[in-house]
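Coordinates as given in protein-v6.csv (CSV, C-alpha atoms and all ligand atoms):
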chain,number,residue,atom,x,y,z
A,1,MET,CA,-13.7,285.8,53.8
A,2,LYS,CA,-12.2,286.3,50.3
A,3,VAL,CA,-14.1,285.3,47.2
A,4,TYR,CA,-12.6,284.6,43.8
A,5,ILE,CA,-14.8,285.1,40.7
A,6,GLN,CA,-13.5,283.5,37.5
A,7,THR,CA,-15.2,284.6,34.4
A,8,ASP,CA,-15.7,283.7,30.7
A,9,LEU,CA,-17.9,285.2,28.0
A,10,GLU,CA,-19.5,282.3,26.1
A,11,GLY,CA,-21.8,281.1,29.0
A,12,CYS,CA,-23.6,284.5,29.5
A,13,ALA,CA,-27.3,284.8,28.9
A,14,GLY,CA,-27.7,286.2,25.4
A,15,PHE,CA,-24.3,285.0,24.0
A,16,CYS,CA,-24.7,282.5,21.2
A,17,PHE,CA,-21.9,283.4,18.7
A,18,TYR,CA,-18.7,285.4,18.6
A,19,GLN,CA,-17.9,288.8,17.1
A,20,ASP,CA,-16.0,288.6,13.8
A,21,PHE,CA,-12.7,290.3,14.4
A,22,GLN,CA,-12.1,290.8,10.7
A,23,ASP,CA,-15.4,292.7,10.4
A,24,LYS,CA,-14.7,296.4,11.0
A,25,SER,CA,-18.3,297.4,10.7
A,26,PRO,CA,-20.2,299.2,13.5
A,27,GLU,CA,-22.4,296.2,13.8
A,28,ALA,CA,-19.5,293.9,14.6
A,29,TYR,CA,-18.2,296.4,17.2
A,30,ARG,CA,-21.7,296.7,18.7
A,31,HIS,CA,-22.0,293.0,18.9
A,32,TYR,CA,-18.8,292.5,20.9
A,33,HIS,CA,-19.5,295.5,23.1
A,34,ARG,CA,-23.0,294.2,23.8
A,35,MET,CA,-21.6,290.8,24.9
A,36,CYS,CA,-19.2,292.5,27.2
A,37,ARG,CA,-22.1,294.4,28.8
A,38,LEU,CA,-23.9,291.1,29.4
A,39,LEU,CA,-20.9,289.7,31.1
A,40,THR,CA,-20.3,292.9,33.2
A,41,ASN,CA,-23.9,292.8,34.5
A,42,GLU,CA,-23.6,289.1,35.4
A,43,VAL,CA,-20.4,289.7,37.2
A,44,ASN,CA,-21.9,292.6,39.1
A,45,ALA,CA,-24.8,290.4,40.2
A,46,ALA,CA,-22.2,287.8,41.5
A,47,VAL,CA,-20.2,290.5,43.2
A,48,LYS,CA,-23.2,291.8,45.0
A,49,GLY,CA,-24.3,288.3,46.0
A,50,ALA,CA,-20.8,287.7,47.4
A,51,PHE,CA,-20.7,290.9,49.5
A,52,ASP,CA,-24.3,290.3,50.7
A,53,SER,CA,-23.1,286.9,51.9
A,54,GLY,CA,-20.4,288.5,54.0
A,55,ALA,CA,-17.4,288.5,51.7
A,56,ALA,CA,-14.8,291.0,52.9
A,57,GLU,CA,-12.9,291.0,49.6
A,58,VAL,CA,-13.9,290.0,46.1
A,59,ILE,CA,-11.4,289.5,43.2
A,60,VAL,CA,-12.8,289.2,39.7
A,61,ASN,CA,-10.6,287.6,36.9
A,62,ASP,CA,-11.4,288.7,33.4
A,63,SER,CA,-10.3,285.5,31.6
A,64,HIS,CA,-11.9,285.4,28.1
A,65,GLY,CA,-9.6,286.1,25.1
A,66,SER,CA,-7.7,289.3,25.6
A,67,GLY,CA,-8.5,289.4,29.3
A,68,TYR,CA,-10.0,292.8,28.7
A,69,ASN,CA,-13.7,292.3,28.2
A,70,ILE,CA,-15.5,293.4,31.4
A,71,ILE,CA,-16.5,297.0,31.4
A,72,PHE,CA,-14.8,297.6,34.7
A,73,GLU,CA,-16.0,301.3,34.9
A,74,GLU,CA,-19.4,299.8,35.6
A,75,LEU,CA,-18.4,297.2,38.2
A,76,ASP,CA,-19.3,297.4,41.8
A,77,PRO,CA,-16.5,299.5,43.2
A,78,ARG,CA,-16.1,297.2,46.2
A,79,CYS,CA,-14.5,294.5,44.1
A,80,GLU,CA,-11.1,294.5,42.3
A,81,ILE,CA,-10.4,293.1,38.9
A,82,ILE,CA,-7.4,291.2,37.4
A,83,HIS,CA,-7.3,291.9,33.6
A,84,GLY,CA,-5.2,292.6,30.6
A,85,ARG,CA,-3.0,290.6,28.2
A,86,ASN,CA,-0.8,288.0,29.7
A,87,CYS,CA,2.7,287.3,28.5
A,88,SER,CA,4.5,286.5,31.7
A,89,GLY,CA,2.2,284.6,33.9
A,90,PRO,CA,-0.7,282.2,33.9
A,91,HIS,CA,-4.0,283.7,32.6
A,92,TRP,CA,-6.0,281.2,34.6
A,93,LEU,CA,-6.8,282.0,38.2
A,94,PRO,CA,-3.8,284.3,38.9
A,95,MET,CA,-3.4,285.2,42.6
A,96,LEU,CA,-5.6,282.3,43.7
A,97,ASP,CA,-4.2,280.8,46.9
A,98,SER,CA,-5.5,279.2,50.1
A,99,SER,CA,-6.5,282.6,51.6
A,100,PHE,CA,-9.7,282.4,49.5
A,101,GLY,CA,-12.8,280.9,50.9
A,102,ALA,CA,-14.9,280.3,47.8
A,103,LEU,CA,-14.7,280.1,44.0
A,104,VAL,CA,-17.5,281.5,41.8
A,105,LEU,CA,-17.7,280.7,38.1
A,106,ILE,CA,-19.6,283.1,35.7
A,107,GLY,CA,-20.2,282.8,32.0
A,108,MET,CA,-18.8,279.3,31.6
A,109,HIS,CA,-19.1,277.1,28.4
A,110,ALA,CA,-19.4,273.4,27.8
A,111,MET,CA,-16.3,271.2,27.1
A,112,GLY,CA,-15.2,270.6,23.5
A,113,GLY,CA,-17.2,267.9,21.7
A,114,THR,CA,-20.4,268.4,23.7
A,115,GLU,CA,-23.4,268.1,21.4
A,116,LYS,CA,-26.0,270.9,21.5
A,117,ALA,CA,-23.9,273.3,23.6
A,118,ILE,CA,-23.1,276.9,22.9
A,119,ALA,CA,-19.5,277.3,21.5
A,120,PRO,CA,-18.1,274.2,23.2
A,121,HIS,CA,-14.3,274.1,23.4
A,122,SER,CA,-11.4,272.8,25.5
A,123,LYS,CA,-11.7,269.3,26.8
A,124,TRP,CA,-9.3,268.4,29.6
A,125,GLU,CA,-8.6,264.7,30.0
A,126,VAL,CA,-7.3,263.4,33.3
A,127,ASN,CA,-5.3,260.1,33.6
A,128,GLU,CA,-6.0,258.7,30.1
A,129,GLY,CA,-9.7,259.1,30.1
A,130,GLU,CA,-10.5,258.6,33.8
A,131,ILE,CA,-12.2,262.1,33.9
A,132,PHE,CA,-13.1,264.6,31.2
A,133,MET,CA,-13.5,268.3,32.3
A,134,SER,CA,-14.6,271.6,30.9
A,135,GLU,CA,-12.7,274.7,31.7
A,136,ALA,CA,-15.1,275.3,34.6
A,137,SER,CA,-14.4,271.9,36.2
A,138,MET,CA,-10.7,272.5,35.7
A,139,ALA,CA,-10.9,275.8,37.5
A,140,ALA,CA,-12.8,274.0,40.3
A,141,ALA,CA,-10.1,271.3,40.4
A,142,ILE,CA,-7.3,273.9,40.6
A,143,ALA,CA,-9.2,275.6,43.5
A,144,GLY,CA,-9.7,272.1,45.0
A,145,ASP,CA,-6.0,271.7,45.4
A,146,TYR,CA,-6.1,274.7,47.7
A,147,ASN,CA,-9.1,273.2,49.5
A,148,ILE,CA,-11.3,276.0,48.2
A,149,PRO,CA,-14.9,274.9,47.2
A,150,ALA,CA,-16.4,276.0,43.9
A,151,VAL,CA,-19.8,277.2,45.2
A,152,PHE,CA,-21.5,278.5,42.1
A,153,VAL,CA,-21.4,278.2,38.3
A,154,SER,CA,-23.5,279.8,35.5
A,155,GLY,CA,-23.7,278.8,31.9
A,156,ASP,CA,-25.8,276.9,29.4
A,157,ASN,CA,-27.7,273.7,30.3
A,158,MET,CA,-24.9,271.3,29.2
A,159,LEU,CA,-22.3,273.1,31.2
A,160,THR,CA,-24.2,273.2,34.4
A,161,LYS,CA,-25.1,269.5,34.0
A,162,GLU,CA,-21.5,268.5,33.6
A,163,VAL,CA,-20.2,270.5,36.6
A,164,LYS,CA,-23.1,269.3,38.8
A,165,GLU,CA,-22.3,265.7,38.1
A,166,LYS,CA,-18.8,266.3,39.5
A,167,ILE,CA,-19.8,268.7,42.4
A,168,PRO,CA,-23.3,267.7,43.4
A,169,HIS,CA,-23.9,270.5,45.9
A,170,ILE,CA,-22.6,273.3,43.8
A,171,LYS,CA,-25.3,276.0,43.2
A,172,THR,CA,-25.9,276.5,39.5
A,173,ALA,CA,-27.8,279.0,37.3
A,174,THR,CA,-28.7,277.7,33.8
A,175,VAL,CA,-29.1,281.0,32.0
A,176,LYS,CA,-29.8,279.5,28.6
A,177,THR,CA,-30.7,276.2,26.8
A,178,ALA,CA,-28.6,275.4,23.8
A,179,LEU,CA,-30.5,274.5,20.6
A,180,GLY,CA,-27.3,274.1,18.6
A,181,THR,CA,-23.7,275.3,18.6
A,182,TYR,CA,-24.7,278.9,17.9
A,183,GLN,CA,-28.3,279.1,18.8
A,184,ALA,CA,-30.0,279.2,22.3
A,185,LYS,CA,-33.2,279.8,24.1
A,186,SER,CA,-31.9,282.3,26.6
A,187,LEU,CA,-33.2,284.0,29.7
A,188,ILE,CA,-33.5,287.8,29.5
A,189,PRO,CA,-30.3,289.2,31.1
A,190,ALA,CA,-32.2,290.8,34.0
A,191,LYS,CA,-33.6,287.4,34.9
A,192,ALA,CA,-30.2,285.7,34.6
A,193,CYS,CA,-28.7,288.3,36.9
A,194,GLU,CA,-31.4,287.7,39.5
A,195,LEU,CA,-30.6,284.0,39.4
A,196,ILE,CA,-26.9,284.6,39.6
A,197,TYR,CA,-27.3,287.0,42.6
A,198,ALA,CA,-29.5,284.6,44.5
A,199,GLY,CA,-27.4,281.5,43.6
A,200,VAL,CA,-24.0,283.1,44.5
A,201,LYS,CA,-25.5,284.1,47.9
A,202,VAL,CA,-26.8,280.6,48.6
A,203,GLY,CA,-23.6,279.0,47.3
A,204,ILE,CA,-21.4,281.1,49.6
A,205,ASP,CA,-23.7,280.7,52.6
A,206,ASN,CA,-23.4,276.9,52.0
A,207,ARG,CA,-19.7,276.9,51.4
A,208,ASN,CA,-18.9,274.7,54.4
A,209,THR,CA,-21.2,271.9,53.0
A,210,ILE,CA,-19.8,272.0,49.5
A,211,LYS,CA,-16.8,269.7,49.2
A,212,PRO,CA,-13.8,271.2,47.3
A,213,TYR,CA,-13.4,269.3,44.0
A,214,HIS,CA,-10.1,267.6,44.7
A,215,ILE,CA,-8.6,265.1,42.3
A,216,GLU,CA,-6.0,262.8,43.9
A,217,GLY,CA,-2.6,263.1,42.4
A,218,PRO,CA,-0.4,262.2,40.6
A,219,VAL,CA,-2.2,263.2,37.4
A,220,LYS,CA,-1.6,263.1,33.7
A,221,LEU,CA,-3.3,265.9,31.7
A,222,ARG,CA,-4.1,266.3,28.1
A,223,LEU,CA,-6.1,269.0,26.4
A,224,PHE,CA,-8.2,268.4,23.3
A,225,GLU,CA,-9.5,271.1,20.9
A,226,SER,CA,-11.4,271.1,17.6
A,227,GLU,CA,-11.3,273.3,14.5
A,228,GLY,CA,-13.9,275.9,15.5
A,229,HIS,CA,-16.4,274.1,17.7
A,230,ILE,CA,-17.1,271.1,15.6
A,231,PRO,CA,-15.6,267.6,16.3
A,232,PRO,CA,-13.2,265.8,15.7
A,233,LEU,CA,-11.1,266.9,18.6
A,234,LYS,CA,-7.3,266.8,18.5
A,235,PRO,CA,-4.7,266.9,21.3
A,236,VAL,CA,-3.1,270.4,21.7
A,237,LEU,CA,0.2,268.9,22.8
A,238,PRO,CA,1.5,265.5,21.6
A,239,ASN,CA,2.1,264.0,25.0
A,240,ALA,CA,0.3,264.0,28.4
A,241,ILE,CA,1.8,266.3,31.0
A,242,GLU,CA,2.3,264.8,34.5
A,243,GLY,CA,2.3,266.4,37.9
A,244,ASP,CA,2.0,265.5,41.6
A,245,ASN,CA,-1.4,267.2,41.5
A,246,VAL,CA,-3.7,269.1,39.1
A,247,ASN,CA,-2.1,272.5,39.9
A,248,GLU,CA,1.4,271.3,39.1
A,249,ALA,CA,0.4,269.5,35.9
A,250,PHE,CA,-1.7,272.5,34.8
A,251,MET,CA,1.2,274.9,35.3
A,252,LYS,CA,3.6,272.6,33.4
A,253,PHE,CA,1.0,272.4,30.7
A,254,GLU,CA,0.6,276.2,30.5
A,255,ARG,CA,4.4,276.6,30.3
A,256,ALA,CA,4.6,274.1,27.4
A,257,MET,CA,2.0,276.1,25.4
A,258,PRO,CA,3.6,277.9,22.4
A,259,TRP,CA,2.1,281.3,23.4
A,260,THR,CA,3.3,281.2,27.0
A,261,THR,CA,6.5,282.8,28.2
A,262,PHE,CA,6.2,282.8,32.0
A,263,ASP,CA,8.6,284.8,34.1
A,264,VAL,CA,10.1,286.6,31.1
A,265,ASN,CA,9.6,290.3,31.3
A,266,ILE,CA,9.2,291.1,27.6
A,267,SER,CA,6.9,293.2,25.5
A,268,ASP,CA,4.1,291.1,24.0
A,269,GLY,CA,4.6,293.0,20.7
A,270,PHE,CA,1.2,294.8,20.8
A,271,GLN,CA,1.1,297.9,18.6
A,272,TYR,CA,-1.7,300.3,18.1
A,273,PRO,CA,-2.9,300.0,14.5
A,274,SER,CA,-1.5,302.9,12.4
A,275,GLY,CA,-3.0,304.7,9.4
B,301,ZN,ZN,-14.0,282.4,26.4

Take the structure in the file and give it back as structure tokens.
Amino acid sequence: MKVYIQTDLEGCAGFCFYQDFQDKSPEAYRHYHRMCRLLTNEVNAAVKGAFDSGAAEVIVNDSHGSGYNIIFEELDPRCEIIHGRNCSGPHWLPMLDSSFGALVLIGMHAMGGTEKAIAPHSKWEVNEGEIFMSEASMAAAIAGDYNIPAVFVSGDNMLTKEVKEKIPHIKTATVKTALGTYQAKSLIPAKACELIYAGVKVGIDNRNTIKPYHIEGPVKLRLFESEGHIPPLKPVLPNAIEGDNVNEAFMKFERAMPWTTFDVNISDGFQYPSG
């Protein structure tokens, strides 16, 4: 059985605010590196849980920001990782197909507009308000189109609550309780990793009893974002994007985003800083 691990950074135990990219101080560097280490350890716990539940292959997708956050030198060498900047393909769930048996979600954050959640952003709207989804639920719905169950999710208390309402049998690990947008009461990372390891194991063991999160098509999608993490939310594109199913609508949406140039083999313009 193949297991796909989708990752983000904001939902890790210990994360409560971002690094400041304008700040070139050692403190700012240390902050970001420390967050990456928290994510790496949580991913390792999930990878171990997956293999201990009989996975034959585990693919990790490094999906936050640059797609180059996980300290992969420290990852369990049995897994493989998809990472790097994307200019020519979708950065979400690349290589996911029906050959996978389970989806695991690590470090997820609550949807945009959620009160008392850590760094909430991205609010997907399905069919003019029928369903609202976080990035975690969207990933579960994309996997659902392939008939793959999302078996585990970790993040703050608001995120795990939202996902569990949609997928009642999913195994969750609430690794922190949000006190505000950038303040949390968090488990110590070693404890969070224990919960993640045990939860992933149970989730994968129970995969046949967890229904894939499938949304009947056709669907109309809109994405809402706020300035920073504070409402009001505004639509990212002026019109809803329609598709026969979530996957098709999502891919059309991604293609319509100004920063996406799928299928075009061009340099993304990155240059090492000089001087
Ligand atoms: Zn992120």

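Residue nearest Ile148 in chain A within the list A:His169, A:His214, A:Lys48, A:Lys24: A:His214 [criterion: smallest interatomic distance, only C-alpha atoms].
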
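Comparing A:Leu75, A:Met108, A:Met133, A:Ala28 by their smallest distance to ligand ZN 301 (chain B), the closest is A:Met108 (using only C-alpha atoms and all ligand atoms).
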
### Query
Excluding same-chain residues fewer than 5 positions from Pro94 in chain A, what lies within 12 Å of it counting all atoms listed in the file, as a PyMOL selection string?
chain A and resi 4-6+59-63+67+81-84+86+88-89+139+142-143+247+251

### Query
Which is closest to ligand ZN 301 (chain B) among A:Pro149, A:Gly49, A:Gly65, A:Gly228, if we use only C-alpha atoms and all ligand atoms?
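Of all the options, A:Gly65 lies closest to ligand ZN 301 (chain B).
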
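Across the structure, CA of Glu57 in chain A and CA of Ala249 in chain A are spaced 28.8 Å apart.
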
### Message
One number please: CA of Phe132 in chain A to CA of Lys171 in chain A, in Å, one decimal.
### Response
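So the answer is 20.6 Å.
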
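Distance-wise, CA of Val104 in chain A and CA of Leu223 in chain A end up 22.9 Å apart.
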
Residues of chain A at most 7 Å from ligand ZN 301 (chain B): nearest atom pair and distance in Å, only C-alpha atoms and all ligand atoms, as a Markdown table:
| residue | atom | partner | partner_atom | distance |
| --- | --- | --- | --- | --- |
| A:Asp8 | CA | B:ZN301 | ZN | 4.8 |
| A:Leu9 | CA | B:ZN301 | ZN | 5.1 |
| A:Glu10 | CA | B:ZN301 | ZN | 5.5 |
| A:His64 | CA | B:ZN301 | ZN | 4.0 |
| A:Gly65 | CA | B:ZN301 | ZN | 5.9 |

### Message
Calculated over only C-alpha atoms, which of the candidates A:Ile210, A:Met95, A:Ile204, A:Met257 has the smallest distance to Val47 in chain A?
### Response
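For Val47 in chain A, the nearest of the given residues is A:Ile204.
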
#### Entry: Selection: 7 Å around Glu242 in chain A, all atoms listed in the file, excl. self and same-chain fewer than 2 positions, as a PyMOL selection string
chain A and resi 219-221+240+249

### Task
Please provide the set of residues having any atom within 10 Å of Ala184 in chain A, restricted to all atoms listed in the file, with same-chain residues fewer than 3 positions apart removed, written as a ChimeraX atom specification.
/A:13-17,116-118,156-157,175-181,187

Give me range 233-257 of chain A from this structure - N, CA and C atoms, as a PDB file, in the first residue's frame.
ATOM      1  N   LEU A 233     -12.606  38.802   4.359  1.00  0.00           N
ATOM      2  CA  LEU A 233     -12.076  37.953   3.297  1.00  0.00           C
ATOM      3  C   LEU A 233     -12.552  38.484   1.946  1.00  0.00           C
ATOM      4  N   LYS A 234     -11.680  38.338   0.940  1.00  0.00           N
ATOM      5  CA  LYS A 234     -12.054  38.772  -0.418  1.00  0.00           C
ATOM      6  C   LYS A 234     -11.817  37.616  -1.381  1.00  0.00           C
ATOM      7  N   PRO A 235     -12.655  37.489  -2.447  1.00  0.00           N
ATOM      8  CA  PRO A 235     -12.399  36.414  -3.414  1.00  0.00           C
ATOM      9  C   PRO A 235     -11.080  36.642  -4.151  1.00  0.00           C
ATOM     10  N   VAL A 236     -10.309  35.572  -4.355  1.00  0.00           N
ATOM     11  CA  VAL A 236      -9.009  35.669  -5.043  1.00  0.00           C
ATOM     12  C   VAL A 236      -9.212  35.883  -6.544  1.00  0.00           C
ATOM     13  N   LEU A 237     -10.197  35.214  -7.129  1.00  0.00           N
ATOM     14  CA  LEU A 237     -10.555  35.413  -8.538  1.00  0.00           C
ATOM     15  C   LEU A 237     -11.977  35.977  -8.581  1.00  0.00           C
ATOM     16  N   PRO A 238     -12.292  36.816  -9.581  1.00  0.00           N
ATOM     17  CA  PRO A 238     -13.615  37.456  -9.582  1.00  0.00           C
ATOM     18  C   PRO A 238     -14.784  36.484  -9.747  1.00  0.00           C
ATOM     19  N   ASN A 239     -14.578  35.411 -10.508  1.00  0.00           N
ATOM     20  CA  ASN A 239     -15.692  34.491 -10.771  1.00  0.00           C
ATOM     21  C   ASN A 239     -15.421  33.103 -10.199  1.00  0.00           C
ATOM     22  N   ALA A 240     -16.505  32.357  -9.971  1.00  0.00           N
ATOM     23  CA  ALA A 240     -16.361  30.955  -9.553  1.00  0.00           C
ATOM     24  C   ALA A 240     -15.833  30.142 -10.730  1.00  0.00           C
ATOM     25  N   ILE A 241     -15.075  29.094 -10.426  1.00  0.00           N
ATOM     26  CA  ILE A 241     -14.540  28.201 -11.465  1.00  0.00           C
ATOM     27  C   ILE A 241     -15.321  26.887 -11.379  1.00  0.00           C
ATOM     28  N   GLU A 242     -15.809  26.423 -12.530  1.00  0.00           N
ATOM     29  CA  GLU A 242     -16.661  25.228 -12.534  1.00  0.00           C
ATOM     30  C   GLU A 242     -15.913  24.018 -13.088  1.00  0.00           C
ATOM     31  N   GLY A 243     -16.277  22.856 -12.593  1.00  0.00           N
ATOM     32  CA  GLY A 243     -15.707  21.609 -13.103  1.00  0.00           C
ATOM     33  C   GLY A 243     -16.659  20.457 -12.843  1.00  0.00           C
ATOM     34  N   ASP A 244     -16.414  19.340 -13.547  1.00  0.00           N
ATOM     35  CA  ASP A 244     -17.272  18.162 -13.362  1.00  0.00           C
ATOM     36  C   ASP A 244     -17.103  17.558 -11.974  1.00  0.00           C
ATOM     37  N   ASN A 245     -15.910  17.768 -11.376  1.00  0.00           N
ATOM     38  CA  ASN A 245     -15.666  17.293 -10.014  1.00  0.00           C
ATOM     39  C   ASN A 245     -14.683  18.254  -9.348  1.00  0.00           C
ATOM     40  N   VAL A 246     -14.355  18.000  -8.083  1.00  0.00           N
ATOM     41  CA  VAL A 246     -13.467  18.893  -7.337  1.00  0.00           C
ATOM     42  C   VAL A 246     -12.102  19.005  -8.017  1.00  0.00           C
ATOM     43  N   ASN A 247     -11.584  17.844  -8.432  1.00  0.00           N
ATOM     44  CA  ASN A 247     -10.260  17.831  -9.061  1.00  0.00           C
ATOM     45  C   ASN A 247     -10.179  18.715 -10.291  1.00  0.00           C
ATOM     46  N   GLU A 248     -11.186  18.579 -11.162  1.00  0.00           N
ATOM     47  CA  GLU A 248     -11.164  19.350 -12.409  1.00  0.00           C
ATOM     48  C   GLU A 248     -11.292  20.848 -12.102  1.00  0.00           C
ATOM     49  N   ALA A 249     -12.215  21.189 -11.210  1.00  0.00           N
ATOM     50  CA  ALA A 249     -12.400  22.601 -10.872  1.00  0.00           C
ATOM     51  C   ALA A 249     -11.140  23.157 -10.202  1.00  0.00           C
ATOM     52  N   PHE A 250     -10.516  22.358  -9.337  1.00  0.00           N
ATOM     53  CA  PHE A 250      -9.318  22.812  -8.636  1.00  0.00           C
ATOM     54  C   PHE A 250      -8.174  23.065  -9.622  1.00  0.00           C
ATOM     55  N   MET A 251      -7.988  22.137 -10.569  1.00  0.00           N
ATOM     56  CA  MET A 251      -6.910  22.317 -11.546  1.00  0.00           C
ATOM     57  C   MET A 251      -7.154  23.544 -12.417  1.00  0.00           C
ATOM     58  N   LYS A 252      -8.421  23.751 -12.808  1.00  0.00           N
ATOM     59  CA  LYS A 252      -8.751  24.956 -13.590  1.00  0.00           C
ATOM     60  C   LYS A 252      -8.458  26.206 -12.764  1.00  0.00           C
ATOM     61  N   PHE A 253      -8.781  26.128 -11.490  1.00  0.00           N
ATOM     62  CA  PHE A 253      -8.554  27.262 -10.594  1.00  0.00           C
ATOM     63  C   PHE A 253      -7.061  27.570 -10.517  1.00  0.00           C
ATOM     64  N   GLU A 254      -6.270  26.523 -10.309  1.00  0.00           N
ATOM     65  CA  GLU A 254      -4.817  26.712 -10.207  1.00  0.00           C
ATOM     66  C   GLU A 254      -4.252  27.331 -11.480  1.00  0.00           C
ATOM     67  N   ARG A 255      -4.751  26.871 -12.634  1.00  0.00           N
ATOM     68  CA  ARG A 255      -4.277  27.412 -13.914  1.00  0.00           C
ATOM     69  C   ARG A 255      -4.615  28.887 -14.061  1.00  0.00           C
ATOM     70  N   ALA A 256      -5.721  29.290 -13.439  1.00  0.00           N
ATOM     71  CA  ALA A 256      -6.160  30.682 -13.569  1.00  0.00           C
ATOM     72  C   ALA A 256      -5.412  31.622 -12.626  1.00  0.00           C
ATOM     73  N   MET A 257      -4.643  31.043 -11.687  1.00  0.00           N
ATOM     74  CA  MET A 257      -3.943  31.896 -10.734  1.00  0.00           C
ATOM     75  C   MET A 257      -2.788  32.608 -11.435  1.00  0.00           C
TER      76      MET A 257
END
